[in-house]
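What follows is final-v7.cif (mmCIF, C-alpha atoms).
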data_input
#
loop_
_atom_site.label_atom_id
_atom_site.label_comp_id
_atom_site.auth_asym_id
_atom_site.auth_seq_id
_atom_site.Cartn_x
_atom_site.Cartn_y
_atom_site.Cartn_z
CA MET A 1 79.55 171.79 106.83
CA SER A 2 79.69 175.04 108.69
CA GLN A 3 78.45 176.03 112.10
CA ARG A 4 76.71 179.18 113.18
CA ARG A 5 75.54 180.02 116.69
CA GLY A 6 76.36 176.53 117.82
CA ARG A 7 73.95 174.82 115.43
CA ALA A 8 74.38 172.69 112.32
CA THR A 9 73.96 174.72 109.13
CA GLY A 10 74.98 174.48 105.49
CA ILE A 11 73.63 170.96 104.97
CA THR A 12 73.73 169.99 101.31
CA VAL A 13 70.93 168.27 99.40
CA GLY A 14 72.89 165.01 99.52
CA LEU A 15 73.29 165.16 103.29
CA ALA A 16 69.63 166.07 103.66
CA GLY A 17 68.79 162.94 101.66
CA ILE A 18 70.88 160.86 104.04
CA LEU A 19 69.01 162.33 107.01
CA VAL A 20 65.63 161.56 105.45
CA THR A 21 66.73 158.00 104.66
CA LEU A 22 67.98 157.54 108.22
CA TYR A 23 64.68 158.68 109.66
CA GLN A 24 62.62 156.56 107.28
CA ALA A 25 64.70 153.45 107.97
CA SER A 26 64.52 153.83 111.75
CA SER A 27 60.82 154.69 111.79
CA SER A 28 59.40 152.32 109.17
CA PHE A 29 61.44 149.14 108.95
CA THR A 30 61.69 148.57 112.71
CA GLN A 31 57.96 148.78 113.41
CA PRO A 32 57.20 145.06 112.88
CA PHE A 33 59.96 144.16 115.36
CA PHE A 34 58.64 146.49 118.06
CA GLY A 35 55.11 145.32 117.37
CA HIS A 36 56.22 141.72 117.86
CA LEU A 37 57.81 142.63 121.18
CA ALA A 38 54.48 144.08 122.26
CA ASP A 39 52.70 140.88 121.24
CA ARG A 40 54.97 138.78 123.47
CA GLY A 41 53.91 140.35 126.77
CA SER A 42 51.40 142.54 128.55
CA ALA A 43 53.71 145.50 129.37
CA THR A 44 52.98 147.35 126.14
CA ARG A 45 51.73 150.73 127.23
CA TRP A 46 55.20 151.94 128.16
CA MET A 47 56.16 151.60 124.49
CA ALA A 48 53.29 153.90 123.50
CA TRP A 49 54.03 156.77 125.89
CA THR A 50 57.79 156.39 125.52
CA GLY A 51 57.47 156.58 121.74
CA VAL A 52 55.45 159.81 121.91
CA ALA A 53 57.88 161.39 124.37
CA LEU A 54 60.97 160.33 122.42
CA SER A 55 59.58 161.65 119.13
CA GLY A 56 58.69 164.98 120.73
CA LEU A 57 62.07 165.39 122.39
CA ALA A 58 63.87 164.52 119.17
CA ALA A 59 61.82 167.03 117.18
CA GLY A 60 62.51 169.72 119.76
CA ALA A 61 66.25 169.04 119.58
CA LEU A 62 66.54 169.45 115.80
CA GLY A 63 67.00 173.21 115.90
CA LEU A 64 69.56 172.96 118.72
CA ALA A 65 71.85 170.34 117.14
CA PRO A 66 75.43 171.69 117.06
CA SER A 67 76.64 169.32 114.31
CA PHE A 68 75.51 166.98 111.59
CA ALA A 69 76.23 163.96 113.81
CA VAL A 70 73.96 165.25 116.59
CA LEU A 71 71.27 166.11 114.06
CA ALA A 72 71.46 162.56 112.67
CA LEU A 73 71.26 161.15 116.18
CA ALA A 74 68.15 163.24 116.92
CA LEU A 75 66.46 162.02 113.74
CA LEU A 76 67.38 158.44 114.59
CA ALA A 77 65.84 158.84 118.05
CA GLY A 78 62.73 160.42 116.55
CA GLY A 79 62.37 157.56 114.09
CA LEU A 80 62.69 154.98 116.85
CA GLY A 81 60.07 156.88 118.86
CA THR A 82 57.69 156.67 115.91
CA ALA A 83 58.45 152.96 115.52
CA LEU A 84 57.76 152.35 119.21
CA TYR A 85 54.47 154.20 119.21
CA HIS A 86 52.61 153.30 116.03
CA PRO A 87 52.30 149.48 116.06
CA VAL A 88 51.65 149.33 119.80
CA SER A 89 49.06 152.10 119.80
CA ALA A 90 47.28 150.54 116.82
CA ALA A 91 47.17 147.22 118.68
CA LEU A 92 45.83 148.95 121.80
CA VAL A 93 43.05 150.61 119.81
CA ALA A 94 42.16 147.39 117.98
CA SER A 95 41.98 145.39 121.23
CA ALA A 96 39.84 148.00 123.01
CA VAL A 97 36.98 148.31 120.48
CA PRO A 98 34.37 145.87 119.16
CA GLY A 99 35.32 143.89 116.09
CA THR A 100 32.13 144.91 114.30
CA SER A 101 33.14 148.58 114.38
CA ARG A 102 36.91 148.23 114.33
CA GLY A 103 37.13 149.79 110.88
CA ARG A 104 35.52 153.06 111.90
CA TRP A 105 37.47 153.35 115.17
CA MET A 106 40.78 152.61 113.47
CA SER A 107 39.90 155.10 110.73
CA VAL A 108 39.26 157.79 113.36
CA TYR A 109 42.55 156.97 115.09
CA ILE A 110 44.73 156.88 111.96
CA SER A 111 42.97 159.71 110.11
CA ALA A 112 43.40 161.98 113.14
CA GLY A 113 47.14 161.63 112.62
CA ASN A 114 46.78 162.29 108.89
CA PHE A 115 44.76 165.44 109.53
CA GLY A 116 47.47 166.53 111.96
CA LEU A 117 50.22 166.32 109.34
CA PRO A 118 49.59 169.79 107.86
CA ILE A 119 49.59 171.36 111.34
CA GLY A 120 53.18 170.42 112.15
CA PRO A 121 54.84 172.44 109.37
CA LEU A 122 52.53 175.38 110.11
CA VAL A 123 53.41 175.45 113.81
CA LEU A 124 57.10 174.96 113.12
CA GLY A 125 57.07 177.73 110.52
CA LEU A 126 55.51 180.13 113.01
CA LEU A 127 58.13 179.22 115.61
CA LEU A 128 60.98 179.71 113.18
CA ALA A 129 59.60 183.04 112.00
CA SER A 130 59.02 184.42 115.49
CA ILE A 131 61.81 182.86 117.58
CA GLY A 132 64.24 181.16 115.21
CA LEU A 133 65.88 177.75 115.36
CA GLY A 134 66.38 178.07 119.09
CA GLY A 135 62.62 177.88 119.62
CA THR A 136 62.15 174.37 118.24
CA TRP A 137 62.34 172.92 121.76
CA LEU A 138 58.81 174.22 122.30
CA VAL A 139 57.38 171.51 120.01
CA ALA A 140 58.42 168.93 122.59
CA LEU A 141 55.98 170.28 125.19
CA PRO A 142 52.73 169.05 123.56
CA ALA A 143 54.32 165.66 122.92
CA LEU A 144 55.35 165.30 126.57
CA ALA A 145 51.84 166.26 127.68
CA VAL A 146 50.30 163.64 125.39
CA ALA A 147 52.84 161.05 126.57
CA ALA A 148 51.78 161.70 130.16
CA LEU A 149 48.13 161.30 129.14
CA VAL A 150 48.84 157.96 127.44
CA TRP A 151 50.79 156.80 130.51
CA ARG A 152 47.91 157.74 132.78
CA VAL A 153 44.79 156.53 130.96
CA GLY A 154 45.94 154.41 128.02
CA PRO A 155 44.39 150.92 127.71
CA ARG A 156 46.32 147.69 128.13
CA ILE A 157 46.51 144.49 126.12
CA ALA A 158 45.66 141.47 128.23
CA ALA A 159 48.59 139.21 129.08
CA ARG A 160 48.98 136.22 126.78
CA ARG A 161 48.34 132.86 128.38
CA GLU A 162 50.02 130.79 125.69
CA ALA A 163 53.77 130.57 125.25
CA ALA A 164 55.34 133.33 123.18
CA VAL A 165 56.11 132.42 119.57
CA SER A 166 59.28 133.66 117.91
CA LEU A 167 59.08 136.22 115.14
CA ARG A 168 60.62 133.76 112.70
CA ALA A 169 57.97 131.15 113.53
CA VAL A 170 55.16 133.68 113.07
CA LEU A 171 56.53 134.80 109.70
CA ARG A 172 56.92 131.20 108.55
CA ARG A 173 53.46 130.14 109.70
CA GLU A 174 51.66 133.12 108.18
CA ARG A 175 53.94 133.68 105.20
CA ARG A 176 51.23 133.46 102.53
CA MET A 177 48.84 135.80 104.33
CA LEU A 178 51.60 138.26 105.19
CA ALA A 179 53.16 138.19 101.73
CA GLY A 180 49.84 139.05 100.14
CA LEU A 181 48.93 141.83 102.56
CA VAL A 182 52.40 143.39 102.45
CA ALA A 183 52.38 143.25 98.64
CA VAL A 184 49.03 145.05 98.48
CA SER A 185 50.13 147.61 101.08
CA ALA A 186 53.40 148.22 99.26
CA THR A 187 51.82 148.72 95.84
CA ARG A 188 49.22 151.08 97.31
CA SER A 189 51.96 152.98 99.09
CA TRP A 190 54.09 153.10 95.93
CA ALA A 191 51.20 154.59 93.96
CA SER A 192 50.43 157.17 96.65
CA SER A 193 54.11 158.07 97.10
CA LEU A 194 54.55 158.66 93.37
CA VAL A 195 51.67 161.12 93.22
CA THR A 196 52.73 162.82 96.45
CA SER A 197 56.33 163.21 95.33
CA PHE A 198 55.79 164.31 91.73
CA LEU A 199 52.48 166.20 91.84
CA PRO A 200 54.06 169.61 92.70
CA LEU A 201 56.66 169.24 89.93
CA TYR A 202 53.99 168.16 87.47
CA ALA A 203 51.79 171.12 88.36
CA VAL A 204 54.69 173.56 87.85
CA ALA A 205 55.49 171.89 84.52
CA ARG A 206 51.87 172.54 83.51
CA GLY A 207 52.11 176.25 84.28
CA ALA A 208 51.23 176.52 87.97
CA ASP A 209 53.22 178.65 90.39
CA VAL A 210 54.80 177.27 93.54
CA ILE A 211 51.91 178.34 95.78
CA THR A 212 49.32 176.63 93.58
CA SER A 213 51.39 173.46 93.39
CA SER A 214 51.67 173.35 97.18
CA ARG A 215 47.92 173.82 97.48
CA LEU A 216 47.36 170.93 95.08
CA LEU A 217 49.53 168.71 97.27
CA THR A 218 47.60 169.83 100.35
CA SER A 219 44.34 168.99 98.58
CA PHE A 220 45.69 165.53 97.72
CA LEU A 221 46.81 164.87 101.31
CA LEU A 222 43.63 166.18 102.94
CA ALA A 223 41.52 164.13 100.55
CA GLY A 224 43.63 161.13 101.50
CA ALA A 225 42.85 161.68 105.18
CA ILE A 226 39.14 161.91 104.37
CA GLY A 227 39.44 158.78 102.25
CA GLY A 228 41.01 156.86 105.12
CA LEU A 229 38.21 157.97 107.43
CA ALA A 230 35.49 157.02 104.95
CA GLY A 231 37.17 153.74 104.04
CA GLY A 232 37.06 152.49 107.62
CA TRP A 233 33.35 153.21 107.95
CA LEU A 234 32.53 151.64 104.59
CA ALA A 235 34.57 148.55 105.42
CA ASP A 236 32.43 147.86 108.48
CA ARG A 237 29.35 147.95 106.27
CA PHE A 238 30.48 146.30 103.03
CA GLY A 239 33.52 144.25 104.03
CA ARG A 240 37.26 144.84 104.15
CA ASP A 241 38.27 143.21 100.87
CA ARG A 242 35.50 144.84 98.84
CA VAL A 243 36.49 148.34 99.96
CA ILE A 244 40.20 147.69 99.35
CA VAL A 245 39.68 146.34 95.84
CA ALA A 246 37.05 148.94 94.87
CA SER A 247 39.08 151.94 96.04
CA LEU A 248 42.25 150.78 94.29
CA LEU A 249 40.46 150.05 91.03
CA ALA A 250 38.60 153.36 91.13
CA ALA A 251 41.84 155.29 91.69
CA ALA A 252 43.42 154.19 88.42
CA PRO A 253 41.23 156.26 86.02
CA PHE A 254 41.84 159.43 88.01
CA CYS A 255 45.61 158.86 87.99
CA ALA A 256 45.38 158.44 84.21
CA LEU A 257 43.20 161.55 83.92
CA LEU A 258 45.78 163.51 85.88
CA ALA A 259 48.51 162.32 83.52
CA THR A 260 46.63 163.63 80.47
CA GLN A 261 46.25 167.22 81.70
CA THR A 262 48.01 169.95 79.76
CA ALA A 263 47.13 172.80 82.14
CA VAL A 264 46.14 173.25 85.78
CA GLY A 265 42.40 173.71 85.63
CA PRO A 266 39.28 172.21 87.22
CA ALA A 267 39.95 168.75 85.77
CA PHE A 268 43.50 168.83 87.14
CA TRP A 269 42.28 169.74 90.62
CA MET A 270 39.52 167.13 90.51
CA ALA A 271 41.83 164.34 89.35
CA ALA A 272 44.45 165.16 92.00
CA THR A 273 41.92 165.37 94.82
CA VAL A 274 39.92 162.25 93.94
CA SER A 275 43.05 160.18 93.34
CA GLY A 276 44.19 161.11 96.84
CA LEU A 277 40.79 160.16 98.25
CA LEU A 278 40.79 156.75 96.57
CA LEU A 279 44.47 155.81 96.83
CA ASN A 280 44.31 156.30 100.59
CA GLY A 281 40.79 154.94 101.02
CA SER A 282 42.23 151.47 101.59
CA PHE A 283 45.09 152.47 103.91
CA VAL A 284 43.18 152.08 107.18
CA VAL A 285 41.23 149.08 105.89
CA LEU A 286 44.43 147.21 105.07
CA ALA A 287 45.61 147.70 108.65
CA VAL A 288 42.32 146.35 110.02
CA ARG A 289 42.39 143.44 107.55
CA GLY A 290 45.86 142.51 108.77
CA GLN A 291 44.82 142.69 112.42
CA GLU A 292 41.83 140.44 111.81
CA SER A 293 43.91 138.02 109.76
CA MET A 294 46.36 137.55 112.63
CA PRO A 295 44.44 138.35 115.85
CA GLY A 296 47.22 136.97 118.06
CA ASN A 297 49.83 139.30 116.55
CA LEU A 298 48.15 142.70 116.54
CA GLY A 299 51.32 144.68 117.18
CA MET A 300 53.48 142.92 114.62
CA VAL A 301 50.92 143.04 111.82
CA SER A 302 50.14 146.70 112.62
CA GLY A 303 53.84 147.44 112.23
CA LEU A 304 53.84 145.71 108.87
CA MET A 305 50.75 147.48 107.56
CA LEU A 306 51.41 150.95 108.96
CA GLY A 307 55.19 151.12 109.04
CA LEU A 308 56.85 148.73 106.64
CA SER A 309 54.45 149.46 103.78
CA ILE A 310 55.14 153.21 104.03
CA GLY A 311 58.87 152.56 104.09
CA LEU A 312 58.62 150.33 101.03
CA GLY A 313 56.55 152.97 99.28
CA GLY A 314 59.39 155.44 99.55
CA LEU A 315 61.71 153.06 97.69
CA ALA A 316 59.79 153.58 94.44
CA VAL A 317 60.44 157.32 94.28
CA ALA A 318 64.13 157.29 93.33
CA PRO A 319 63.90 154.88 90.36
CA MET A 320 60.75 156.58 89.08
CA ALA A 321 62.55 159.93 89.22
CA ALA A 322 65.05 158.52 86.73
CA VAL A 323 62.17 157.31 84.57
CA ALA A 324 60.54 160.74 84.73
CA GLU A 325 63.74 162.41 83.53
CA ARG A 326 63.82 160.18 80.45
CA ALA A 327 60.13 159.65 79.65
CA GLY A 328 58.40 162.61 81.31
CA LEU A 329 56.31 163.16 84.42
CA PRO A 330 53.01 161.81 82.98
CA VAL A 331 54.57 158.34 82.84
CA VAL A 332 54.96 158.42 86.61
CA LEU A 333 51.26 159.16 87.08
CA TYR A 334 50.29 156.41 84.67
CA ALA A 335 52.53 154.10 86.72
CA ALA A 336 50.61 155.07 89.87
CA GLY A 337 47.39 153.96 88.19
CA VAL A 338 48.93 150.67 87.07
CA LEU A 339 50.19 150.03 90.59
CA SER A 340 46.74 150.62 92.07
CA VAL A 341 45.23 148.06 89.66
CA ALA A 342 48.02 145.61 90.52
CA GLY A 343 47.25 146.06 94.21
CA ALA A 344 43.58 145.27 93.61
CA ALA A 345 44.52 142.14 91.64
CA ILE A 346 46.83 140.92 94.41
CA MET A 347 44.17 141.59 97.05
CA SER A 348 41.78 139.23 95.30
CA ARG A 349 44.31 136.43 95.89
CA VAL A 350 45.01 137.08 99.58
CA PRO A 351 43.67 134.27 101.82
CA LYS A 352 40.57 135.09 103.84
CA PRO A 353 41.06 135.80 107.56
CA PRO A 354 40.10 133.10 110.07
CA ALA A 355 36.54 133.23 111.35
CA ALA A 356 36.22 134.58 114.89
CA PRO A 357 35.15 131.80 117.30
CA ARG A 358 31.79 132.18 118.98
CA GLY A 359 32.20 133.40 122.48
CA GLY A 360 35.81 134.29 121.74
CA ARG A 361 37.62 137.57 122.27
CA ALA A 362 38.10 138.56 118.64
CA ALA A 363 35.19 140.99 118.76
CA PRO A 364 34.49 142.06 122.34
CA SER A 365 31.40 144.09 123.07
CA LEU A 366 31.64 147.82 123.54
CA ALA A 367 30.44 147.45 127.13
CA ALA A 368 33.19 144.94 127.85
CA ALA A 369 35.81 147.20 126.29
CA GLU A 370 34.63 150.17 128.34
CA ARG A 371 34.61 148.03 131.50
CA ASP A 372 38.19 146.93 130.87
CA LEU A 373 39.28 150.54 130.31
CA ARG A 374 37.61 151.62 133.60
CA VAL A 375 39.29 148.81 135.52
CA THR A 376 42.65 149.70 133.98
CA SER A 377 42.27 153.37 134.92
CA ALA A 378 41.20 152.50 138.45
CA THR A 379 44.29 150.38 139.05
CA LEU A 380 46.73 153.14 138.09
#
Before we go any further, please render this structure as structure tokens.
Amino acid sequence: MSQRRGRATGITVGLAGILVTLYQASSSFTQPFFGHLADRGSATRWMAWTGVALSGLAAGALGLAPSFAVLALALLAGGLGTALYHPVSAALVASAVPGTSRGRWMSVYISAGNFGLPIGPLVLGLLLASIGLGGTWLVALPALAVAALVWRVGPRIAARREAAVSLRAVLRRERRMLAGLVAVSATRSWASSLVTSFLPLYAVARGADVITSSRLLTSFLLAGAIGGLAGGWLADRFGRDRVIVASLLAAAPFCALLATQTAVGPAFWMAATVSGLLLNGSFVVLAVRGQESMPGNLGMVSGLMLGLSIGLGGLAVAPMAAVAERAGLPVVLYAAGVLSVAGAAIMSRVPKPPAAPRGGRAAPSLAAAERDLRVTSATL
């Protein structure tokens, strides 16, 4: 480890791996816990705006960190900010829209974040090229502005009238439902993570240059964002389980087609793009399915579907890298297809969600949701 101009430099690949693991652990595996805290009371909005602000401040501090320890602390804070924001915000969105169109609204909400993923590296690259590491603090400004907006106009979750239930009791009571949904989410995430992680290497091994391989990955990710958006809309029309099973089953042939390619041509591009579309077509729908399966635990189940599943997905990359070294990269892509089929099979065994009671609050009308939002804004 060396230092230059007061900032941490000379980080090895091993240390970089530790930093990534630290961020993933703090951002993914803590989301169900923070979501459960939100479910226990009505003061949830502070978690949403605090999470946005903390993530932005942590990102802005990365280029100013004087040592590895400070850099790790900033990543830990950024991960906790992400964990605070995602389950609570998903619960706020789900509680503020009608149940009959929850799929499309959640798809808009989640896919907006997925479409924003390519913008971050672009903006950061421009800052580094024009100002240098010292300019990373500028990325905190948009986050602070959005945090202020969430604090000012964000919706609230109504206070619970019944006594709070412990996290252990919730997990025990809903263990079959949760086990099935988490298993499907994890296998879907494993399949998507394998393609995301190994697609650039596979493209280079098939004769592509670095720029082409990066464009292939961008195509896969953008198609995934479109798939999440389309999946939510289709789920409102045809049902949650049907869309989940159909998208996972349809993804398998395209993963296999990708594995059979000997050169980067039209078929390679098509297989990569469509596999991204289908593997991520069920991502949003799984989150909605979880929310509707446990309507009294929106935050906790959102943390499981959106956070824990992504964290579990990352665990498959390291062992499959060892497999790829021994058996070749196509085996990894075949494995992604097998995982997607396994996810569809598990989904067919997940218990059905409870029926919403007539006159209940499971699917409020759009007018009622808008009225609640106006009343909330007027009281601030």
message: Need the shell around Gly227 in chain A: protein/DNA/RNA residues with any atom at most 7 Å away, counting only C-alpha atoms. Skip same-chain ones fewer than 6 positions apart. Format as a PyMOL selection string?
response: chain A and resi 277-278+280-281
- request: Pick out the closest residue to Val70 in chain A from this set: A:Thr212, A:Gly231, A:Leu19, A:Cys255. Count only C-alpha atoms.
  value: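 The shortest atom-to-atom distance to Val70 in chain A comes from A:Leu19.
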query: Near Ala77 in chain A, within 9 Å and counting all atoms listed in the file, which residues show up once chain neighbours fewer than 6 positions away are dropped, as a ChimeraX atom specification?
result: /A:23,26,54-55,57-58
query: Which neighbours of range 233-249 of chain A fall inside 7 Å, counting only C-alpha atoms, when residues of the same chain fewer than 4 positions from it are skipped, and could you give them as a PyMOL selection string?
result: chain A and resi 100-101+103-104+229+278-279+281-282+285+289+340-341+343-344+347
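The shortest atom-to-atom distance to Val108 in chain A, with only C-alpha atoms taken into account, belongs to A:Val93 out of A:Val93, A:Thr218, A:Gly296, A:Val331.
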task: Rank A:Val288, A:Ala61, A:Leu258, A:Ala48 by their smallest atom-to-atom distance to Met106 in chain A, using all atoms listed in the file, and report the top residue only.
output: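 Closest to Met106 in chain A of all the choices is A:Val288.
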Ground truth for the PyMOL selection byres ((chain A and resi 85) around 8), written as a VMD selection string: chain A and resid 47 to 52 81 to 84 86 to 89
Export of prior selection with C-alpha atoms as a PDB file, in the frame of the given file:
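Dumped to result.pdb:
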ATOM      1  CA  MET A  47      56.160 151.600 124.490  1.00  0.00           C
ATOM      2  CA  ALA A  48      53.290 153.900 123.500  1.00  0.00           C
ATOM      3  CA  TRP A  49      54.030 156.770 125.890  1.00  0.00           C
ATOM      4  CA  THR A  50      57.790 156.390 125.520  1.00  0.00           C
ATOM      5  CA  GLY A  51      57.470 156.580 121.740  1.00  0.00           C
ATOM      6  CA  VAL A  52      55.450 159.810 121.910  1.00  0.00           C
ATOM      7  CA  GLY A  81      60.070 156.880 118.860  1.00  0.00           C
ATOM      8  CA  THR A  82      57.690 156.670 115.910  1.00  0.00           C
ATOM      9  CA  ALA A  83      58.450 152.960 115.520  1.00  0.00           C
ATOM     10  CA  LEU A  84      57.760 152.350 119.210  1.00  0.00           C
ATOM     11  CA  HIS A  86      52.610 153.300 116.030  1.00  0.00           C
ATOM     12  CA  PRO A  87      52.300 149.480 116.060  1.00  0.00           C
ATOM     13  CA  VAL A  88      51.650 149.330 119.800  1.00  0.00           C
ATOM     14  CA  SER A  89      49.060 152.100 119.800  1.00  0.00           C
TER      15      SER A  89
END
Which residue of A:Leu22, A:Val284, A:Leu149, A:Ala38 approaches Leu92 in chain A most closely, using all atoms listed in the file: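 Selected residue with least distance to Leu92 in chain A: A:Ala38.
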message: Under the rule that all atoms listed in the file are counted, which of A:Val350, A:Leu333, A:Ala145, A:Leu312 is the nearest residue to Tyr202 in chain A?
response: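 Using all atoms listed in the file, the shortest distance to Tyr202 in chain A belongs to A:Leu333.
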message: So the first atom is CA of Ala336 in chain A and the second is CA of Met270 in chain A; what is the distance between them in Å, to one decimal place?
response: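 A separation of 16.4 Å between them.
Note that CA of Leu194 in chain A and CA of Ala321 in chain A are 9.1 Å apart.
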